[in-house]
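Colleague: Got upload36.cif for you, mmCIF, C-alpha atoms and all ligand atoms:
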```
data_my_file
#
loop_
_atom_site.label_atom_id
_atom_site.label_comp_id
_atom_site.auth_asym_id
_atom_site.auth_seq_id
_atom_site.Cartn_x
_atom_site.Cartn_y
_atom_site.Cartn_z
CA MET A 16 98.69 66.51 125.84
CA ARG A 17 101.65 67.86 127.77
CA ARG A 18 102.41 70.20 124.86
CA LEU A 19 98.80 71.43 124.83
CA LEU A 20 98.87 72.18 128.52
CA ILE A 21 102.12 74.11 128.12
CA TYR A 22 100.51 76.24 125.44
CA CYS A 23 97.34 76.64 127.47
CA SER A 24 99.37 78.04 130.32
CA PHE A 25 100.15 81.03 128.08
CA ALA A 26 96.48 81.59 127.42
CA LEU A 27 95.85 83.69 130.48
CA LEU A 28 92.83 85.51 129.20
CA VAL A 29 90.99 83.36 126.71
CA ILE A 30 90.76 80.36 128.99
CA PRO A 31 87.52 78.82 127.66
CA ALA A 32 89.30 77.70 124.49
CA CYS A 33 91.82 75.84 126.60
CA ARG A 34 89.13 74.14 128.61
CA ALA A 35 87.44 73.11 125.38
CA GLN A 36 90.70 71.60 124.21
CA GLU A 37 91.12 69.61 127.40
CA ARG A 38 87.56 68.28 127.16
CA ALA A 39 87.70 67.40 123.49
CA ALA A 40 89.45 64.08 123.08
CA PRO A 41 90.32 63.61 119.40
CA ASP A 42 88.11 60.56 118.96
CA ASP A 43 85.13 61.87 120.88
CA ALA A 44 82.85 63.13 118.10
CA ASP A 45 80.25 64.53 120.51
CA SER A 46 82.67 66.99 122.06
CA VAL A 47 83.77 68.53 118.76
CA ALA A 48 82.71 72.16 118.31
CA VAL A 49 80.08 73.72 116.02
CA VAL A 50 81.31 72.60 112.61
CA PRO A 51 83.44 69.51 113.22
CA VAL A 52 85.18 69.20 109.87
CA MET A 53 86.51 72.75 109.94
CA THR A 54 87.76 72.98 113.52
CA ASP A 55 90.44 71.38 115.63
CA SER A 56 89.33 72.70 119.06
CA GLY A 57 92.78 74.22 119.39
CA ALA A 58 93.82 76.33 122.33
CA VAL A 59 94.71 80.01 122.03
CA VAL A 60 98.49 80.08 122.11
CA MET A 61 99.13 83.79 121.64
CA PRO A 62 101.11 85.06 124.64
CA GLY A 63 98.83 86.33 127.42
CA ALA A 64 100.30 89.84 127.47
CA GLN A 65 99.60 90.26 123.76
CA GLN A 66 96.04 89.00 124.18
CA HIS A 67 95.55 91.46 127.02
CA LEU A 68 96.60 94.38 124.81
CA LEU A 69 94.29 93.30 121.99
CA LEU A 70 91.32 92.80 124.29
CA ARG A 71 91.84 96.25 125.76
CA LYS A 72 91.62 97.68 122.25
CA ASP A 73 88.46 95.80 121.24
CA SER A 74 86.46 93.17 123.08
CA LEU A 75 85.73 91.56 119.68
CA TRP A 76 89.24 90.10 119.96
CA ALA A 77 88.02 87.50 122.48
CA GLU A 78 85.74 86.06 119.80
CA ALA A 79 88.39 86.45 117.10
CA LEU A 80 91.01 84.54 119.11
CA ARG A 81 88.59 81.79 120.04
CA ILE A 82 87.51 81.30 116.41
CA HIS A 83 91.00 81.59 114.97
CA TYR A 84 92.67 79.00 117.18
CA ASN A 85 89.62 76.75 117.02
CA ALA A 86 89.67 76.76 113.21
CA ILE A 87 91.76 74.48 111.04
CA VAL A 88 93.78 77.24 109.39
CA PHE A 89 95.15 75.97 106.10
CA ASP A 90 97.47 77.96 103.79
CA GLY A 91 97.53 76.99 100.11
CA HIS A 92 101.08 78.08 99.31
CA ILE A 93 104.21 78.61 101.39
CA ASP A 94 107.71 78.76 99.91
CA THR A 95 109.78 78.02 103.02
CA PRO A 96 111.19 74.77 101.48
CA LEU A 97 113.28 76.90 99.12
CA LEU A 98 115.02 78.47 102.14
CA MET A 99 115.36 75.04 103.73
CA LEU A 100 117.12 73.55 100.72
CA ASP A 101 119.22 76.48 99.53
CA LYS A 102 119.93 78.59 102.61
CA GLY A 103 120.40 76.03 105.35
CA TYR A 104 117.21 77.36 106.94
CA ARG A 105 116.10 75.53 110.06
CA PHE A 106 112.32 75.24 109.99
CA GLY A 107 112.22 74.18 113.64
CA ALA A 108 113.98 77.30 114.93
CA ARG A 109 112.37 80.68 115.61
CA HIS A 110 113.34 83.49 113.24
CA ARG A 111 112.65 87.19 113.12
CA THR A 112 110.16 88.71 110.69
CA HIS A 113 112.85 90.32 108.55
CA GLU A 114 114.60 86.94 108.20
CA SER A 115 111.65 84.86 107.00
CA HIS A 116 107.87 84.54 107.22
CA VAL A 117 107.30 80.99 108.46
CA ASP A 118 108.88 78.56 110.91
CA LEU A 119 107.46 75.95 113.26
CA PRO A 120 107.37 78.07 116.46
CA ARG A 121 105.69 80.92 114.60
CA MET A 122 103.16 78.51 113.04
CA PHE A 123 102.04 77.78 116.61
CA ASP A 124 101.91 81.49 117.48
CA GLY A 125 99.89 82.35 114.38
CA GLY A 126 97.54 79.41 114.68
CA LEU A 127 98.47 78.11 111.23
CA ASP A 128 97.57 74.44 111.40
CA ALA A 129 98.32 73.09 107.95
CA ALA A 130 99.90 74.30 104.75
CA PHE A 131 100.91 73.24 101.32
CA PHE A 132 104.67 73.65 101.29
CA SER A 133 105.64 74.51 97.76
CA ILE A 134 108.11 72.21 96.09
CA TYR A 135 109.16 74.97 93.75
CA VAL A 136 111.35 74.23 90.76
CA ALA A 137 112.75 77.31 89.03
CA PRO A 138 112.22 77.40 85.26
CA PHE A 139 115.97 77.31 84.54
CA TYR A 140 116.06 73.64 85.59
CA GLY A 141 114.40 72.91 82.27
CA GLU A 142 111.74 70.32 81.57
CA GLY A 143 113.44 67.00 82.17
CA GLN A 144 115.17 64.86 84.73
CA ARG A 145 117.15 67.75 86.21
CA ALA A 146 113.93 69.54 87.19
CA THR A 147 112.42 66.35 88.65
CA GLU A 148 115.58 65.70 90.67
CA ARG A 149 115.50 69.25 91.99
CA ALA A 150 111.91 68.64 93.17
CA ARG A 151 112.98 65.38 94.82
CA ALA A 152 115.89 67.07 96.59
CA MET A 153 113.51 69.67 98.04
CA MET A 154 111.00 66.99 99.07
CA ALA A 155 113.77 65.08 100.84
CA GLU A 156 114.80 68.22 102.74
CA VAL A 157 111.20 68.89 103.82
CA ARG A 158 110.80 65.27 104.96
CA LYS A 159 114.05 65.44 106.91
CA GLN A 160 113.24 68.69 108.71
CA VAL A 161 109.66 67.65 109.47
CA ALA A 162 110.87 64.28 110.82
CA ALA A 163 113.28 66.12 113.13
CA HIS A 164 110.26 67.66 114.92
CA ALA A 165 107.89 64.71 114.76
CA ASP A 166 106.44 65.57 118.18
CA SER A 167 104.84 68.71 116.79
CA VAL A 168 104.68 68.57 112.97
CA VAL A 169 103.79 65.76 110.59
CA LEU A 170 103.66 65.31 106.82
CA ALA A 171 100.27 64.42 105.38
CA THR A 172 98.61 63.68 102.07
CA SER A 173 94.87 63.89 102.76
CA ALA A 174 92.23 66.06 104.39
CA GLY A 175 91.39 63.19 106.73
CA GLU A 176 94.95 63.20 108.04
CA VAL A 177 94.89 66.99 108.39
CA ARG A 178 91.76 66.77 110.54
CA ARG A 179 93.06 63.89 112.65
CA LEU A 180 96.48 65.40 113.23
CA THR A 181 95.35 68.96 113.93
CA HIS A 182 92.90 67.60 116.51
CA LYS A 183 95.92 66.16 118.27
CA GLY A 184 97.53 69.60 118.30
CA LYS A 185 100.03 68.80 115.54
CA LYS A 186 101.00 71.08 112.70
CA VAL A 187 100.61 69.51 109.27
CA VAL A 188 102.71 69.92 106.14
CA LEU A 189 101.50 68.85 102.71
CA MET A 190 103.57 69.11 99.55
CA GLY A 191 102.53 70.74 96.28
CA LEU A 192 104.70 70.87 93.17
CA GLU A 193 105.10 74.36 91.70
CA GLY A 194 105.97 74.19 88.04
CA GLY A 195 104.55 71.51 85.73
CA HIS A 196 107.89 71.44 83.92
CA ALA A 197 109.21 69.29 86.79
CA LEU A 198 106.92 66.48 85.55
CA ALA A 199 109.23 66.24 82.51
CA ALA A 200 106.05 65.92 80.37
CA SER A 201 105.72 62.38 81.71
CA PRO A 202 102.69 60.62 83.24
CA GLU A 203 105.14 58.16 84.87
CA VAL A 204 106.88 61.02 86.69
CA LEU A 205 103.47 62.39 87.69
CA ARG A 206 102.51 59.02 89.18
CA ALA A 207 105.87 58.67 90.93
CA LEU A 208 105.63 62.13 92.51
CA TYR A 209 102.09 61.38 93.67
CA ASP A 210 103.40 58.21 95.32
CA GLU A 211 106.17 60.26 96.94
CA GLY A 212 103.63 62.59 98.55
CA ILE A 213 102.90 65.47 96.16
CA ARG A 214 99.21 66.39 96.25
CA TYR A 215 98.92 69.33 93.87
CA VAL A 216 100.67 70.43 90.72
CA THR A 217 100.78 74.11 89.76
CA LEU A 218 100.47 73.46 86.04
CA THR A 219 103.00 76.15 85.14
CA HIS A 220 105.26 78.57 86.90
CA ILE A 221 106.13 81.76 84.97
CA ASN A 222 107.27 79.57 82.06
CA THR A 223 105.15 77.89 79.42
CA ASN A 224 106.00 74.18 79.29
CA ALA A 225 105.46 71.35 76.77
CA TRP A 226 101.75 71.14 77.55
CA ALA A 227 100.44 74.36 79.17
CA ASP A 228 100.78 78.14 78.74
CA ALA A 229 101.79 80.38 81.64
CA SER A 230 100.41 83.84 82.43
CA GLN A 231 103.82 85.53 82.26
CA ALA A 232 105.05 84.00 79.00
CA ALA A 233 104.17 84.18 75.31
CA PRO A 234 101.30 81.87 74.36
CA ARG A 235 102.45 78.66 72.67
CA TRP A 236 99.46 76.29 72.87
CA ASN A 237 96.71 78.84 73.53
CA GLY A 238 95.92 76.91 76.69
CA LEU A 239 96.41 73.20 77.26
CA ASN A 240 97.40 70.92 74.40
CA ASP A 241 96.46 67.22 74.08
CA LEU A 242 99.36 66.13 76.28
CA GLY A 243 98.16 68.66 78.87
CA ARG A 244 94.64 67.25 78.75
CA SER A 245 95.95 63.70 79.17
CA LEU A 246 98.06 64.77 82.16
CA VAL A 247 94.98 66.44 83.69
CA ALA A 248 93.02 63.20 83.21
CA GLU A 249 95.79 61.30 84.97
CA MET A 250 95.85 63.85 87.81
CA ASN A 251 92.11 63.33 88.29
CA ARG A 252 92.57 59.57 88.28
CA LEU A 253 95.34 59.76 90.89
CA GLY A 254 93.71 62.39 93.11
CA MET A 255 96.42 64.93 92.29
CA ILE A 256 94.83 68.37 92.59
CA LEU A 257 95.24 70.89 89.75
CA ASP A 258 96.60 74.23 90.93
CA LEU A 259 95.73 77.01 88.49
CA ALA A 260 97.84 79.82 89.98
CA HIS A 261 100.35 81.13 87.39
CA VAL A 262 98.61 79.69 84.31
CA SER A 263 97.41 81.82 81.39
CA ASP A 264 93.71 82.60 81.19
CA SER A 265 93.26 80.14 78.32
CA THR A 266 95.04 77.36 80.25
CA PHE A 267 92.82 78.24 83.21
CA TYR A 268 89.62 77.64 81.25
CA ASP A 269 90.99 74.59 79.39
CA ALA A 270 92.00 73.00 82.69
CA LEU A 271 88.58 73.66 84.22
CA ALA A 272 86.92 72.14 81.16
CA ALA A 273 89.19 69.08 81.30
CA SER A 274 89.13 68.47 85.07
CA GLN A 275 86.53 66.20 86.64
CA ALA A 276 87.63 67.30 90.11
CA PRO A 277 87.57 70.65 91.90
CA VAL A 278 90.74 72.73 91.54
CA LEU A 279 92.75 75.04 93.77
CA VAL A 280 94.11 78.40 92.71
CA SER A 281 96.69 78.19 95.46
CA HIS A 282 98.07 81.75 95.52
CA SER A 283 96.29 84.32 93.35
CA SER A 284 94.31 87.44 94.25
CA VAL A 285 91.54 89.42 92.56
CA ARG A 286 91.99 91.16 89.21
CA ALA A 287 89.03 93.49 89.74
CA LEU A 288 91.08 95.17 92.49
CA VAL A 289 94.63 94.80 91.09
CA PRO A 290 94.75 94.29 87.30
CA SER A 291 97.63 91.80 87.28
CA VAL A 292 97.86 88.76 84.99
CA ARG A 293 98.61 86.74 88.15
CA ASN A 294 95.19 87.56 89.58
CA VAL A 295 91.79 86.10 88.62
CA ASP A 296 88.97 88.18 87.17
CA ASP A 297 85.31 87.89 88.13
CA ALA A 298 84.45 85.45 85.32
CA MET A 299 87.29 83.21 86.51
CA LEU A 300 86.03 83.45 90.10
CA ARG A 301 82.59 82.29 88.93
CA ALA A 302 84.13 79.51 86.84
CA VAL A 303 86.03 78.20 89.90
CA ALA A 304 82.78 78.32 91.88
CA ARG A 305 81.01 76.22 89.22
CA ASN A 306 83.90 73.74 89.40
CA GLY A 307 83.59 73.53 93.20
CA GLY A 308 87.16 74.78 93.65
CA VAL A 309 88.78 77.44 95.82
CA VAL A 310 90.71 80.64 95.03
CA MET A 311 93.29 81.15 97.78
CA ILE A 312 94.18 84.80 98.14
CA ASN A 313 97.87 85.75 97.82
CA PHE A 314 99.22 88.36 100.29
CA PHE A 315 102.01 89.69 98.02
CA ASP A 316 101.97 93.50 97.86
CA ALA A 317 102.20 93.43 94.04
CA MET A 318 98.98 91.41 93.90
CA VAL A 319 96.85 93.17 96.53
CA ASN A 320 98.06 96.79 96.56
CA PRO A 321 95.18 98.97 95.27
CA HIS A 322 97.64 101.65 94.17
CA LEU A 323 98.86 99.31 91.42
CA ASP A 324 96.02 100.39 89.17
CA ASP A 325 95.44 100.47 85.39
CA ASP A 326 97.76 103.45 85.06
CA VAL A 327 100.62 101.59 86.76
CA MET A 328 99.97 98.49 84.67
CA ALA A 329 100.06 100.62 81.51
CA GLU A 330 103.50 101.87 82.56
CA LEU A 331 104.56 98.27 83.21
CA ARG A 332 103.50 97.34 79.66
CA ARG A 333 105.46 100.30 78.28
CA ARG A 334 108.56 99.20 80.19
CA MET A 335 108.07 95.52 79.32
CA PRO A 336 106.56 95.38 75.84
CA GLY A 337 105.40 91.97 74.64
CA PRO A 338 104.03 89.06 76.63
CA LYS A 339 107.28 88.13 78.43
CA LEU A 340 106.82 89.30 81.98
CA THR A 341 109.45 87.25 83.78
CA MET A 342 110.87 90.22 85.69
CA MET A 343 107.44 91.74 86.28
CA TRP A 344 107.71 91.99 90.07
CA ASN A 345 111.00 93.87 90.08
CA GLU A 346 109.67 96.27 87.47
CA LEU A 347 106.44 96.84 89.38
CA TYR A 348 108.43 97.45 92.54
CA ALA A 349 110.59 100.00 90.69
CA ILE A 350 107.48 101.82 89.40
CA LYS A 351 105.94 101.75 92.86
CA SER A 352 109.09 103.23 94.40
CA ALA A 353 109.53 105.86 91.66
CA ARG A 354 105.94 107.05 92.12
CA GLY A 355 106.18 106.93 95.92
CA LEU A 356 103.13 104.68 96.15
CA PRO A 357 102.25 103.40 99.62
CA GLY A 358 102.48 99.72 100.46
CA ALA A 359 99.49 97.43 100.82
CA THR A 360 97.86 96.84 104.18
CA LEU A 361 96.09 93.95 105.87
CA ASP A 362 92.83 95.69 104.99
CA ASP A 363 93.65 95.38 101.28
CA VAL A 364 94.00 91.61 101.68
CA LEU A 365 90.60 91.59 103.42
CA ASP A 366 89.18 93.50 100.43
CA HIS A 367 90.41 90.71 98.13
CA LEU A 368 88.90 88.03 100.37
CA ASP A 369 85.68 90.02 100.48
CA HIS A 370 85.50 90.47 96.73
CA ALA A 371 86.21 86.80 96.03
CA ALA A 372 83.59 85.75 98.59
CA LYS A 373 80.98 88.06 97.05
CA VAL A 374 81.62 87.01 93.43
CA ALA A 375 82.51 83.30 93.79
CA GLY A 376 80.59 82.65 97.00
CA ILE A 377 81.77 81.92 100.53
CA ASP A 378 82.55 78.26 99.71
CA HIS A 379 85.20 79.15 97.15
CA VAL A 380 87.67 81.41 98.99
CA GLY A 381 90.78 80.58 101.00
CA LEU A 382 94.23 81.78 102.06
CA GLY A 383 97.34 81.32 99.90
CA SER A 384 99.87 83.63 101.56
CA ASP A 385 102.93 82.97 99.37
CA PHE A 386 104.96 83.47 102.58
CA ASP A 387 108.71 83.15 101.99
CA GLY A 388 108.09 83.35 98.25
CA VAL A 389 107.59 87.12 98.06
CA PHE A 390 109.68 90.08 99.18
CA ASP A 391 107.00 92.62 100.02
CA LEU A 392 104.09 91.85 102.35
CA PRO A 393 101.28 94.16 103.49
CA ASP A 394 101.59 96.26 106.59
CA GLY A 395 100.06 94.26 109.43
CA LEU A 396 100.60 90.92 107.71
CA GLN A 397 104.38 90.61 107.77
CA ASP A 398 104.59 86.99 108.79
CA VAL A 399 102.61 83.93 109.85
CA THR A 400 102.11 85.24 113.40
CA ARG A 401 99.73 87.88 111.99
CA LEU A 402 97.09 85.42 110.74
CA PRO A 403 94.78 86.03 113.74
CA TRP A 404 94.37 89.60 112.45
CA ILE A 405 92.71 88.19 109.33
CA THR A 406 90.14 86.42 111.49
CA TYR A 407 89.58 89.58 113.51
CA GLY A 408 89.20 91.57 110.28
CA LEU A 409 86.67 89.12 108.86
CA LEU A 410 84.70 89.14 112.10
CA LYS A 411 84.71 92.94 112.10
CA ARG A 412 83.39 92.90 108.53
CA GLY A 413 80.43 90.80 109.62
CA TYR A 414 81.44 87.28 108.61
CA THR A 415 79.89 84.57 110.74
CA GLU A 416 81.90 81.98 112.63
CA GLU A 417 81.05 79.26 110.11
CA GLU A 418 81.95 81.48 107.16
CA ILE A 419 85.31 82.27 108.75
CA TYR A 420 86.04 78.56 109.28
CA LYS A 421 85.38 78.03 105.57
CA ILE A 422 87.76 80.78 104.45
CA LEU A 423 90.50 79.85 106.92
CA GLY A 424 90.66 76.22 105.82
CA GLY A 425 87.34 74.41 105.54
CA ASN A 426 86.96 75.12 101.83
CA ALA A 427 90.45 73.86 100.98
CA LEU A 428 89.88 70.68 103.00
CA ARG A 429 86.70 70.09 101.01
CA VAL A 430 88.65 70.27 97.73
CA LEU A 431 91.12 67.68 99.05
CA ASP A 432 88.24 65.40 100.04
CA GLU A 433 86.54 65.76 96.68
CA ALA A 434 89.71 65.18 94.65
CA GLU A 435 90.16 61.95 96.58
CA ALA A 436 86.53 60.92 96.00
CA VAL A 437 86.81 61.62 92.25
CA ALA A 438 89.99 59.52 92.10
CA GLN A 439 88.30 56.64 93.87
CA ARG A 440 85.36 56.82 91.48
CA LEU A 441 87.61 56.93 88.40
CA GLN A 442 89.80 54.08 89.64
CA ALA A 443 86.74 51.97 90.46
CA GLY A 444 85.34 52.74 86.99
CA SER A 445 88.51 51.59 85.27
CA GLY A 446 88.42 48.33 87.23
CA GLU A 447 91.61 48.95 89.20
ZN ZN B 501 104.12 81.06 92.72
#
```
Could I get this file's structure written as structure tokens?

Modeller:
Amino acid sequence: MRRLLIYCSFALLVIPACRAQERAAPDDADSVAVVPVMTDSGAVVMPGAQQHLLLRKDSLWAEALRIHYNAIVFDGHIDTPLLMLDKGYRFGARHRTHESHVDLPRMFDGGLDAAFFSIYVAPFYGEGQRATERARAMMAEVRKQVAAHADSVVLATSAGEVRRLTHKGKKVVLMGLEGGHALAASPEVLRALYDEGIRYVTLTHINTNAWADASQAAPRWNGLNDLGRSLVAEMNRLGMILDLAHVSDSTFYDALAASQAPVLVSHSSVRALVPSVRNVDDAMLRAVARNGGVVMINFFDAMVNPHLDDDVMAELRRRMPGPKLTMMWNELYAIKSARGLPGATLDDVLDHLDHAAKVAGIDHVGLGSDFDGVFDLPDGLQDVTRLPWITYGLLKRGYTEEEIYKILGGNALRVLDEAEAVAQRLQAGSGE
């Protein structure tokens, strides 16, 4: 509580949120705001002077700040663990925007409550023990750095924990494995990593593995093979969520057909607006909606910049003939620079959220920033402290409070809940 009061003291202008926080004891269900499962009754922690400036610009900011800090804001994909393991990055210390996108102090500033930290294993680790050990080393580093700040951030593995902990004013870190090759094609490794705290597996990274095709590699299985389907079945049984970012379109549909549980697409944007293989088209958006899953919009310039149109993609194909697109981002960046194309803006990200919400429905959209995993972010969305501007933008575009709670985190929490429920059902059915 002391921490909350310290933060409230900064909230000079949007005081009602602070009062709400003081009233709302975590266990007192009656005092929880409008939509209990999607809010944490958090106080506005943005510095008072900054709030004052925003409110002078537009009175709508009072509502935006209240909603944003009240919401459980949940990001589907953050790559900060890579910095933590390889660069000696201290998650608990404050950094500047040009140094990194996420750290603990800036999570408080930006009102980011929970996130899947990506346990990313680069393809060059291969598909065996070396890749699994790399994942474990990164998980150990995340555990260590989170434990060092146990008063303000906690590791979690379920939506229930996220809700409980965020109500207490804690930040919450979950772990997702990026790159199915780190499973070493083994259901035993899958089970072990689940037990060690991993809660989603991005089936592929840019590399096709022994059981699934990736979007940036030559097709080998034309989707999932039998081993892939058996691993999906085991993921469902465990409650390990399938993440379909990075997979080829055929893997995407095979995985949806095989999965009994809703999926996440943890960091992909919309192909109708930027025709990249890393984005999802409208049919895929509808397929995720039918599955009950969520597409979490990536902020990376190369995936949301409307100037990267069909013409640019045609030049990319000329420069990179064939299906191997491993260096795609560098090449796109070179084309963008050569043509003098402007960078993406926050508004472009809102366009992607808007499009996904219109096509898939409001229950199937979320945020998957890819912070600290990308080198080029939109103007106005340069780091985690800018998340309140997304809420303001959604409000300005006419989204209701409840709809905003869904996009910011409520939808993702629902997928976690449902994956757990499916696992319980499957385990009960098999007599375990
Ligand atoms: Zn990725």

Colleague: Kindly indicate which residue among A:Ala129, A:Val177, A:Leu80, A:Ile312 lies nearest to ligand ZN 501 (chain B), using all atoms listed in the file for the distances.

Modeller: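 For ligand ZN 501 (chain B), the nearest of the given residues is A:Ile312.
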
Colleague: Extract, using all atoms listed in the file, all DNA, RNA and protein residues at most 8 Å from Leu340 of chain A, discarding same-chain residues fewer than 3 positions from it, and format them as a PyMOL selection string.

Modeller: chain A and resi 231-232+335+337+343

Colleague: Show me which residues line ligand ZN 501 (chain B), defined as having an atom within 10 Å of a ligand atom where all atoms listed in the file count, and present them as a ChimeraX atom specification.

Modeller: /A:92-94,133,135,193-194,217,219-221,260-261,281-283,293,313,383,385,388-389

Colleague: As an exercise, work out the distance from atom CA of Arg412 of chain A to atom CA of Arg301 of chain A in Å and give it to one decimal place.

Modeller: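 Distance between the two atoms: 22.3 Å.
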
Colleague: Restrict the calculation to only C-alpha atoms, then for each residue of segment 350-390 of chain A with any atom at most 12 Å from an atom of segment 324-329 of chain A give the closest atom pair and their distance in Å to one decimal, rows by chain and rising residue number, as a Markdown table.

Modeller:
```
| residue | atom | partner | partner_atom | distance |
| --- | --- | --- | --- | --- |
| A:Ile350 | CA | A:Val327 | CA | 7.4 |
| A:Lys351 | CA | A:Val327 | CA | 8.1 |
| A:Ser352 | CA | A:Val327 | CA | 11.5 |
| A:Ala353 | CA | A:Val327 | CA | 11.0 |
| A:Arg354 | CA | A:Val327 | CA | 9.3 |
| A:Gly355 | CA | A:Val327 | CA | 12.0 |
| A:Leu356 | CA | A:Val327 | CA | 10.2 |
```

Colleague: For Glu435 of chain A, list every protein, DNA or RNA residue within 10 Å, evaluated using all atoms listed in the file, and leave out those in the same chain fewer than 5 positions away; present the list as a ChimeraX atom specification.

Modeller: /A:173-174,251-256,276,429-430,440-441

Colleague: Choose the residue, out of A:Lys339, A:His164, A:His367, A:Arg244, that has the smallest atom-to-atom separation from Ala272 of chain A; count all atoms listed in the file.

Modeller: A:Arg244

Colleague: Would you work out the distance separating atom CA of Phe314 of chain A from atom CA of Ser384 of chain A, expressed in Å to one decimal?

Modeller: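 One can read the atom CA of Phe314 of chain A to atom CA of Ser384 of chain A distance as 4.9 Å.
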
Colleague: Under the rule that all atoms listed in the file are counted, which of A:Leu409, A:Ala86, A:Val285, A:Val262 is the nearest residue to Pro234 of chain A?

Modeller: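 Ranking A:Leu409, A:Ala86, A:Val285, A:Val262 by distance to Pro234 of chain A, first place goes to A:Val262.
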
Colleague: Please measure the separation of atom CA of Phe89 of chain A and atom CA of Asp128 of chain A, giving the value in Å to one decimal.

Modeller: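 Computed distance, atom CA of Phe89 of chain A to atom CA of Asp128 of chain A, equals 6.0 Å.
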
Colleague: Using all atoms listed in the file, can you tell me which of A:Val136, A:Val399, A:Val310, A:Ala171 comes closest to Phe386 of chain A?

Modeller: A:Val399

Colleague: Using all atoms listed in the file, find the one residue out of A:Lys102, A:His196, A:His110, A:Arg151 that sits nearest to Ala137 of chain A.

Modeller: A:His196

Colleague: Nearest to Leu69 of chain A among A:Tyr407, A:Tyr420, A:Phe123, A:Phe139, with distances taken over only C-alpha atoms: which residue is it?

Modeller: A:Tyr407
